[in-house]
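I have placed the structure first, in the form of structure tokens, so that the comments after it can refer back to it.
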Number of protein chains: 4
Amino acid sequence: MNQSTLSKEALTYFEEREKLCELCRKFYEKGWASGTGGGMTIKVAGDIALIAPSGVQKEELQPSDLFAVKLNASLNHGCEIIDKPENLKISACTSIFTNIFNLKASAASIIHSHSVNAVMLTKITKAQELTISGYEMLKGIEGCTYFGSHTIPILDNVEHECDLAEDIGKVILQYPKAYAVLVRDHGFYVWGKSWQQAKIHAECYDYLFGAIVQEKSLQALSLI
Amino acid sequence: MNQSTLSKEALTYFEEREKLCELCRKFYEKGWASGTGGGMTIKVAGDIALIAPSGVQKEELQPSDLFAVKLNASLNHGCEIIDKPENLKISACTSIFTNIFNLKASAASIIHSHSVNAVMLTKITKAQELTISGYEMLKGIEGCTYFGSHTIPILDNVEHECDLAEDIGKVILQYPKAYAVLVRDHGFYVWGKSWQQAKIHAECYDYLFGAIVQEKSLQALSLI
Amino acid sequence: MNQSTLSKEALTYFEEREKLCELCRKFYEKGWASGTGGGMTIKVAGDIALIAPSGVQKEELQPSDLFAVKLNASLNHGCEIIDKPENLKISACTSIFTNIFNLKASAASIIHSHSVNAVMLTKITKAQELTISGYEMLKGIEGCTYFGSHTIPILDNVEHECDLAEDIGKVILQYPKAYAVLVRDHGFYVWGKSWQQAKIHAECYDYLFGAIVQEKSLQALSLI
Amino acid sequence: MNQSTLSKEALTYFEEREKLCELCRKFYEKGWASGTGGGMTIKVAGDIALIAPSGVQKEELQPSDLFAVKLNASLNHGCEIIDKPENLKISACTSIFTNIFNLKASAASIIHSHSVNAVMLTKITKAQELTISGYEMLKGIEGCTYFGSHTIPILDNVEHECDLAEDIGKVILQYPKAYAVLVRDHGFYVWGKSWQQAKIHAECYDYLFGAIVQEKSLQALSLI
């Protein structure tokens, strides 16, 4: 990346822009962002966040491809766009991201994953929540213990992703200890107080979703 | 790659040649092109297309290894070879590729994958078509929605790949909204209006094929 | 890594520090250390060991992030910390690692993995040990043969990882031929007389754990 | 690799040595050589072959780590060692490799894989052979067709790998169209007229072994 060709806007928060692109490449390799799926946002200041654009290959993102927004709950999509890359559309997740930032003051980064583990998990239950217990990996999620259990909400999917924002807002208030919301047939949203913690939480939840689907299969085969 | 050693032909469309080779390496890593399987073509001008050769390791392709053809439906294989690399055979998919380009004016790139997900899917159904619904990932395929369903044709495999060309032509006309054709025991052909869209469509269909096989298995275990 | 910026401590055993970080990256790629899980230690001298810190991304470790400890069974955690990186916490595995070093004089390196294969294996048995037979891969574990069998202990998980140290010490004495201890719902600890052998043992056990879970599933489907 | 530090022997066939090491790294990444398992040989002249050493990490091999042998069926292990790297042991597969070279004049490279797909396949059958049909991927194996079928032998495993040499010799003569021999609980040996074809054959057989295990599982679930 030749920084001299970048606009003043793209140079602002350049390091965070590079980190967000690097993380999107890693998430693509994990299968969380195939087919342009998934997304990510990182807060770079109190009310400024970088957001990956919509409908493009996430593994090919460049620092200048990101949107910068100023959070403002009174506006449409919960923000004002302060840096818009040419020819790109802002993420369909934008109002979800801004609503999570609005309701969880400690959230500094949010990841949206299309993980098959998460999708399969939502298909093997009709419930509107998932309770996880019996895994050491729970301890990677803030506030969780091995002997305790951890419950996160499951929402049904909708046609237009932005229509999930209100429901996600509601379940976030109902499940104050959850760091993720599953969306049936779709994937999950997960956050943390830093991009590091958002990534750690994403890895822990994804590990748990995959393990639970395998555990249920082994139970169905009478092996557990 | 030392460009100075390349022929005038190999230097023409050099950037697109490099992209096609890079994509073949990525498809190999995904398991779509093991054992020399799979293939790809990119249109570089109105009636000129680059095609990966037959029977060689796709992950080792160099820009000078590609065939360039001029599409011409009245000729054998639907094209005239205008640049033939030494000691290489043109893809067995050639007449399939040219037939798809001929019938789908918007198609600018076609991928052929030997994905195990696709093969397993064709084995768990005797039908000549697959209807997909209930996955957010459908939205990565042009024209599809989450609440809608999407149907693509399944052809039985034949001994000589070129003999599929005519049948693929027929089903493309029968399923105008499909961007892929499954071939039983074999894999699938998938296209898009650019190499980016062909790759995105390939990733979405492959994700869906794998997810459906897992979903059916979980149903058979009474978990869904 | 610009060595000139490193402290005298971090430069000591610099090569071994780099190797430990490189191995942690590889273990992360294998899925053994997602979400900050897993850990590793390498003895660099008779009674000095390097230990990866707790609660950080293992794939991002730098040589200066490691703790150096002097083994001393009479102290808390079985060691005295002789080099403590700033702002990092010593591994929750420390007293387990030091206890293994204390009881197995030949152990020069220990790996802790959160492998899903290991976790699933502990879920399909209620026993407190696992006997493995019928795999060539056994021969990668020191002292094992193909026609023989190999038994390792399984401990139940506890809330605080350090509380495993005493029980691990007991089962190590009970199973003198084992190079690994499984911990239910959690993962496994594995060692060797060098980092190479610890890694080889880890790969062999992990391959065997995954194969056994698949073998039991195929048996449940009446395929074996 | 600083060639100036290499012995005259290691510099002989240097390019082929590098290729063999590169292939071992790739096979390790595919899971064919974990825990020092697996092996490979490439003929570099009429009766000279390079062989990977025994019991070391295959993904770390350097060109100077390889043995060079002169094939001679009248000698122990079927060869005379003409270049022996210090402190390394020749592969336990040596007499198997030399016997295959001896009986299949066209074989120029042999790969030994500890693939879990192969091991599981040998566990779901009690037969001493495997017949494969119904997969396009068969066409990647020389002489095979889609509508035809292809049969390869399965041997029971033995304690000492070298004791397989005689039995492998027998089944190679009984199955003249096979390019691979499965060994129960262990893996497979596969060859080709060049390292390229040996690798292509290995990928095709491995794809087929994995697909057949999955196909049988889907049958057991009444999905096929």
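Each chain in the structure tokens gets a letter, A, B and so on, in the order shown; residues start at 1 in every chain, and ligands are counted from 1 in the order they appear.
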Interface, chain B side, toward chain D (12 Å; only C-alpha atoms) as a PyMOL selection string: chain B and resi 28-38+54-60+92+113-126+156-161+183-188+212-222
In range 6-224 of chain D, what's strand (DSSP E) per DSSP? Answer as a PyMOL selection string? chain D and resi 39-45+48-51+67-71+79-83+109-113+129-132+150-155+180-183+187-192
Selection to disk with N, CA and C atoms, as a compact mmCIF listing (two decimals), in the first residue's frame:
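In the end it all went to again_36.txt:
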# COMPACT_ATOMS: atom_id res chain seq x y z
N GLY D 39 6.10 -40.54 4.01
CA GLY D 39 7.42 -40.54 3.41
C GLY D 39 7.32 -40.33 1.91
N MET D 40 8.50 -40.21 1.25
CA MET D 40 8.48 -39.98 -0.19
C MET D 40 9.83 -40.34 -0.79
N THR D 41 9.77 -40.76 -2.04
CA THR D 41 11.00 -40.98 -2.80
C THR D 41 10.80 -40.49 -4.23
N ILE D 42 11.88 -39.99 -4.82
CA ILE D 42 11.88 -39.56 -6.23
C ILE D 42 13.11 -40.18 -6.89
N LYS D 43 12.91 -40.85 -8.02
CA LYS D 43 14.04 -41.34 -8.82
C LYS D 43 14.66 -40.16 -9.54
N VAL D 44 15.98 -40.03 -9.46
CA VAL D 44 16.64 -38.91 -10.12
C VAL D 44 17.46 -39.37 -11.32
N ALA D 45 17.61 -40.67 -11.45
CA ALA D 45 18.29 -41.24 -12.62
C ALA D 45 17.85 -42.69 -12.68
N ILE D 48 19.02 -44.40 -9.44
CA ILE D 48 19.32 -43.60 -8.24
C ILE D 48 18.02 -42.95 -7.75
N ALA D 49 17.79 -43.05 -6.45
CA ALA D 49 16.59 -42.43 -5.89
C ALA D 49 16.94 -41.66 -4.62
N LEU D 50 16.22 -40.57 -4.39
CA LEU D 50 16.33 -39.82 -3.14
C LEU D 50 15.21 -40.28 -2.22
N ILE D 51 15.51 -40.44 -0.94
CA ILE D 51 14.50 -40.92 0.03
C ILE D 51 14.53 -40.05 1.28
N PHE D 67 18.47 -39.16 1.92
CA PHE D 67 19.35 -40.26 1.53
C PHE D 67 19.32 -40.39 0.00
N ALA D 68 20.47 -40.72 -0.59
CA ALA D 68 20.50 -41.11 -1.99
C ALA D 68 20.87 -42.59 -2.02
N VAL D 69 20.12 -43.38 -2.79
CA VAL D 69 20.40 -44.82 -2.86
C VAL D 69 20.49 -45.25 -4.32
N LYS D 70 21.27 -46.30 -4.55
CA LYS D 70 21.37 -46.92 -5.86
C LYS D 70 20.57 -48.22 -5.77
N LEU D 71 19.54 -48.33 -6.61
CA LEU D 71 18.66 -49.50 -6.55
C LEU D 71 19.44 -50.75 -6.95
N CYS D 79 18.72 -51.86 -2.11
CA CYS D 79 19.52 -50.73 -2.58
C CYS D 79 20.83 -50.62 -1.81
N GLU D 80 21.73 -49.85 -2.39
CA GLU D 80 22.99 -49.48 -1.73
C GLU D 80 22.88 -47.99 -1.40
N ILE D 81 23.18 -47.62 -0.17
CA ILE D 81 23.11 -46.19 0.21
C ILE D 81 24.36 -45.50 -0.31
N ILE D 82 24.18 -44.49 -1.17
CA ILE D 82 25.36 -43.80 -1.70
C ILE D 82 25.56 -42.42 -1.09
N ASP D 83 24.54 -41.90 -0.42
CA ASP D 83 24.72 -40.65 0.32
C ASP D 83 23.86 -40.71 1.58
N SER D 109 8.31 -42.10 -8.80
CA SER D 109 8.16 -41.43 -7.51
C SER D 109 7.07 -42.16 -6.72
N ILE D 110 7.28 -42.28 -5.41
CA ILE D 110 6.34 -42.98 -4.54
C ILE D 110 6.08 -42.12 -3.30
N ILE D 111 4.82 -42.02 -2.92
CA ILE D 111 4.44 -41.26 -1.73
C ILE D 111 3.80 -42.23 -0.73
N HIS D 112 4.16 -42.08 0.54
CA HIS D 112 3.50 -42.85 1.60
C HIS D 112 2.77 -41.86 2.49
N SER D 113 1.45 -42.05 2.63
CA SER D 113 0.60 -41.11 3.37
C SER D 113 -0.07 -41.80 4.55
N GLU D 129 -9.50 -55.87 -0.65
CA GLU D 129 -9.39 -54.97 -1.79
C GLU D 129 -10.51 -53.95 -1.72
N LEU D 130 -10.33 -52.84 -2.44
CA LEU D 130 -11.33 -51.78 -2.51
C LEU D 130 -11.65 -51.53 -3.98
N THR D 131 -12.95 -51.57 -4.32
CA THR D 131 -13.35 -51.24 -5.68
C THR D 131 -14.06 -49.89 -5.67
N ILE D 132 -13.57 -48.98 -6.50
CA ILE D 132 -14.08 -47.61 -6.54
C ILE D 132 -14.84 -47.40 -7.84
N HIS D 150 -12.39 -49.30 -10.50
CA HIS D 150 -10.96 -49.39 -10.26
C HIS D 150 -10.75 -50.09 -8.92
N THR D 151 -9.93 -51.14 -8.93
CA THR D 151 -9.74 -51.93 -7.71
C THR D 151 -8.29 -51.85 -7.26
N ILE D 152 -8.11 -51.62 -5.97
CA ILE D 152 -6.76 -51.61 -5.40
C ILE D 152 -6.73 -52.55 -4.19
N PRO D 153 -5.57 -53.10 -3.90
CA PRO D 153 -5.48 -54.06 -2.79
C PRO D 153 -5.41 -53.37 -1.42
N ILE D 154 -5.86 -54.09 -0.39
CA ILE D 154 -5.71 -53.66 1.01
C ILE D 154 -4.92 -54.73 1.74
N LEU D 155 -3.83 -54.34 2.35
CA LEU D 155 -3.03 -55.27 3.16
C LEU D 155 -3.28 -55.01 4.63
N ALA D 180 -1.91 -47.74 -6.28
CA ALA D 180 -1.84 -47.55 -4.83
C ALA D 180 -2.13 -48.85 -4.11
N VAL D 181 -1.56 -48.98 -2.92
CA VAL D 181 -1.85 -50.10 -2.02
C VAL D 181 -2.25 -49.50 -0.68
N LEU D 182 -3.43 -49.88 -0.20
CA LEU D 182 -3.86 -49.45 1.13
C LEU D 182 -3.30 -50.40 2.18
N VAL D 183 -2.93 -49.87 3.33
CA VAL D 183 -2.49 -50.70 4.45
C VAL D 183 -3.42 -50.39 5.63
N GLY D 187 -2.42 -46.39 6.33
CA GLY D 187 -2.37 -45.36 5.31
C GLY D 187 -2.28 -45.98 3.93
N PHE D 188 -1.55 -45.34 3.01
CA PHE D 188 -1.39 -45.95 1.70
C PHE D 188 -0.08 -45.54 1.05
N TYR D 189 0.33 -46.39 0.08
CA TYR D 189 1.47 -46.12 -0.79
C TYR D 189 0.91 -45.85 -2.17
N VAL D 190 1.44 -44.84 -2.86
CA VAL D 190 0.90 -44.45 -4.17
C VAL D 190 2.05 -43.97 -5.04
N TRP D 191 2.02 -44.28 -6.31
CA TRP D 191 3.14 -43.92 -7.19
C TRP D 191 2.67 -43.39 -8.54
N GLY D 192 3.66 -42.91 -9.32
CA GLY D 192 3.38 -42.40 -10.65
C GLY D 192 4.66 -42.34 -11.46
